[in-house]
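K.L.:
My questions all concern the structure below.
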Amino acid sequence: MHELIAGRRSVRGYDADATISADVLTEILEAGRWAPTWGRMQPVRFIVGVRGDATFTGLTEILTRGNAGWAPASAALVLVCTTTQADDEKARTYSAVDVGLAVSQMILQAASSGYNGHPMAGFDPDAARERFAIPDDHRPLVLLGIGRIADPSTVAPEIRERDERPRTRLPLREVAFAERWGNPRAPDDPTVGEQG
């Protein structure tokens with residue numbers, strides 16, 4: 001697995017003094033823009049704030065309690081939106097997939113530039129709609145924090161404890177099947193997927 005993927009984690013302990021250049025932020029947004037898109041729809045839109053500007057302030061105001069304590073230390077916040085396509089179920093489903101692909105690529109691009117990307121669902125979508133005049137045919141789906149990881153000794157103990165927890169996932173044998181649901185892809189190799 002590529003080191004950017006293997007090392008990816010959603011950190012909360014950001015350096016509140018770190019900044020991000022316009023060029024690096026543009027590269028991150030371009031990574032999202034060039035993500036795969038179903039049916040060439042390209043439904044993903046971004047509302048982009050850099051710490052200190054009005055958009056960033058507005059984005060911090062829509063955070064819910066769990067994220068309000070750490071996310072304002074991000075160097076940038078990006079609200080990722082997509083089309084609602086209310087009368088087209090397939091388009092509505094795959095527009096959400098497009099958001100996931102865009103966010104994933106943005107996180108990896110951020111990591112390649114020395115930043116951490118943390119996707120959040122902990123924000124008020126109705127407040128986002130009102131604050132940023134998001135049209136009715138679009139919906140805010142993910143808020144992405146982008147920042148530099150702080151020295152652990154400088155962050156609150158509860159944030160440091162969460163950031164230092166081991167990163168785990170289900171073993172591959174529990175998520176990759178062959179022939180039928182629940183049948184591990186490589187049943188003859190009991191070590192497949194043992195690592196989290």
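Residues in the structure tokens are numbered from 1 in each chain, the chains being A, B, ... in the order shown, and ligands are numbered from 1 in the order shown.
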From a DSSP calculation on the backbone, collect every residue of stretch 124-172 of chain A in alpha helix (DSSP H) and output the set as a list of chain:residue names.
P.N.:
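Put together, the selection reads A:Pro125, A:Asp126, A:Ala127, A:Ala128, A:Arg129, A:Glu130, A:Arg131, A:Phe132, A:Pro157, A:Glu158, A:Ile159, A:Arg160, A:Glu161, A:Arg162, A:Asp163, A:Glu164.
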K.L.:
Let's have the selection written as a short mmCIF file (atom, residue, chain, number, x, y, z; two decimals), in the first residue's frame, with N, CA and C atoms.
P.N.:
data_model
loop_
_atom_site.label_atom_id
_atom_site.label_comp_id
_atom_site.auth_asym_id
_atom_site.auth_seq_id
_atom_site.Cartn_x
_atom_site.Cartn_y
_atom_site.Cartn_z
N PRO A 125 -25.82 21.45 8.45
CA PRO A 125 -26.02 21.70 7.02
C PRO A 125 -27.02 22.82 6.73
N ASP A 126 -28.06 22.96 7.57
CA ASP A 126 -29.03 24.03 7.35
C ASP A 126 -28.38 25.40 7.56
N ALA A 127 -27.55 25.49 8.61
CA ALA A 127 -26.83 26.75 8.85
C ALA A 127 -25.87 27.03 7.69
N ALA A 128 -25.26 25.99 7.15
CA ALA A 128 -24.35 26.16 6.01
C ALA A 128 -25.11 26.69 4.80
N ARG A 129 -26.28 26.13 4.54
CA ARG A 129 -27.10 26.58 3.41
C ARG A 129 -27.41 28.07 3.53
N GLU A 130 -27.84 28.46 4.73
CA GLU A 130 -28.21 29.85 4.95
C GLU A 130 -27.00 30.78 4.88
N ARG A 131 -25.94 30.39 5.57
CA ARG A 131 -24.75 31.27 5.67
C ARG A 131 -24.09 31.51 4.32
N PHE A 132 -24.07 30.45 3.47
CA PHE A 132 -23.34 30.55 2.20
C PHE A 132 -24.25 30.58 0.98
N PRO A 157 -4.88 17.54 26.36
CA PRO A 157 -4.69 16.11 26.62
C PRO A 157 -5.74 15.21 25.97
N GLU A 158 -7.00 15.64 25.94
CA GLU A 158 -8.04 14.80 25.35
C GLU A 158 -7.87 14.67 23.84
N ILE A 159 -7.37 15.72 23.19
CA ILE A 159 -7.09 15.65 21.75
C ILE A 159 -5.87 14.77 21.52
N ARG A 160 -4.83 14.97 22.29
CA ARG A 160 -3.62 14.16 22.15
C ARG A 160 -3.94 12.68 22.33
N GLU A 161 -4.76 12.35 23.32
CA GLU A 161 -5.12 10.95 23.58
C GLU A 161 -5.84 10.35 22.37
N ARG A 162 -6.76 11.10 21.78
CA ARG A 162 -7.47 10.59 20.60
C ARG A 162 -6.54 10.42 19.41
N ASP A 163 -5.66 11.40 19.21
CA ASP A 163 -4.74 11.33 18.07
C ASP A 163 -3.73 10.19 18.21
N GLU A 164 -3.41 9.80 19.42
CA GLU A 164 -2.41 8.76 19.64
C GLU A 164 -2.99 7.35 19.69
#
K.L.:
Please provide as an MDAnalysis selection string all residues within 12 Å of A:Thr93, with the sequence filter that same-chain residues fewer than 3 positions apart are discarded (counting only C-alpha atoms).
P.N.:
chainID A and resid 37:38 43 82:90 96:100
K.L.:
Counting only C-alpha atoms, which of A:Gln105, A:Gly147, A:Ala91, A:Ala68 gets nearest to A:Trp34?
P.N.:
A:Gln105
K.L.:
To one decimal in Å, tell me the separation between atom CA of A:Val48 and atom CA of A:Arg12.
P.N.:
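The value is 19.2 Å.
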K.L.:
Using DSSP assignments from the backbone, pull out every residue in stretch 117-186 of chain A that falls under strand (DSSP E) and give it to me as a ChimeraX atom specification.
P.N.:
/A:117-120,138-147
K.L.:
So, with only C-alpha atoms as the atoms that count, which of A:Val11, A:Ala54, A:Ala156, A:Ala6 lies closest to A:Gly69?
P.N.:
A:Ala156
K.L.:
Would you compute the distance between atom CA of A:Ala186 and atom CA of A:Leu172? Give it in Å to one decimal.
P.N.:
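Distance between the two atoms: 9.5 Å.
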K.L.:
How many Å separate atom CA of A:Met120 from atom CA of A:Leu144?
P.N.:
6.0 Å
K.L.:
So that I can check the surroundings of A:Ala71, please list as number ranges by chain every protein, DNA and RNA residue that reaches within 10 Å of it, counting only C-alpha atoms and ignoring chain neighbours fewer than 3 positions away.
P.N.:
A: 11-14, 16, 59-60, 63, 66-68, 74-77, 118, 120, 143-147
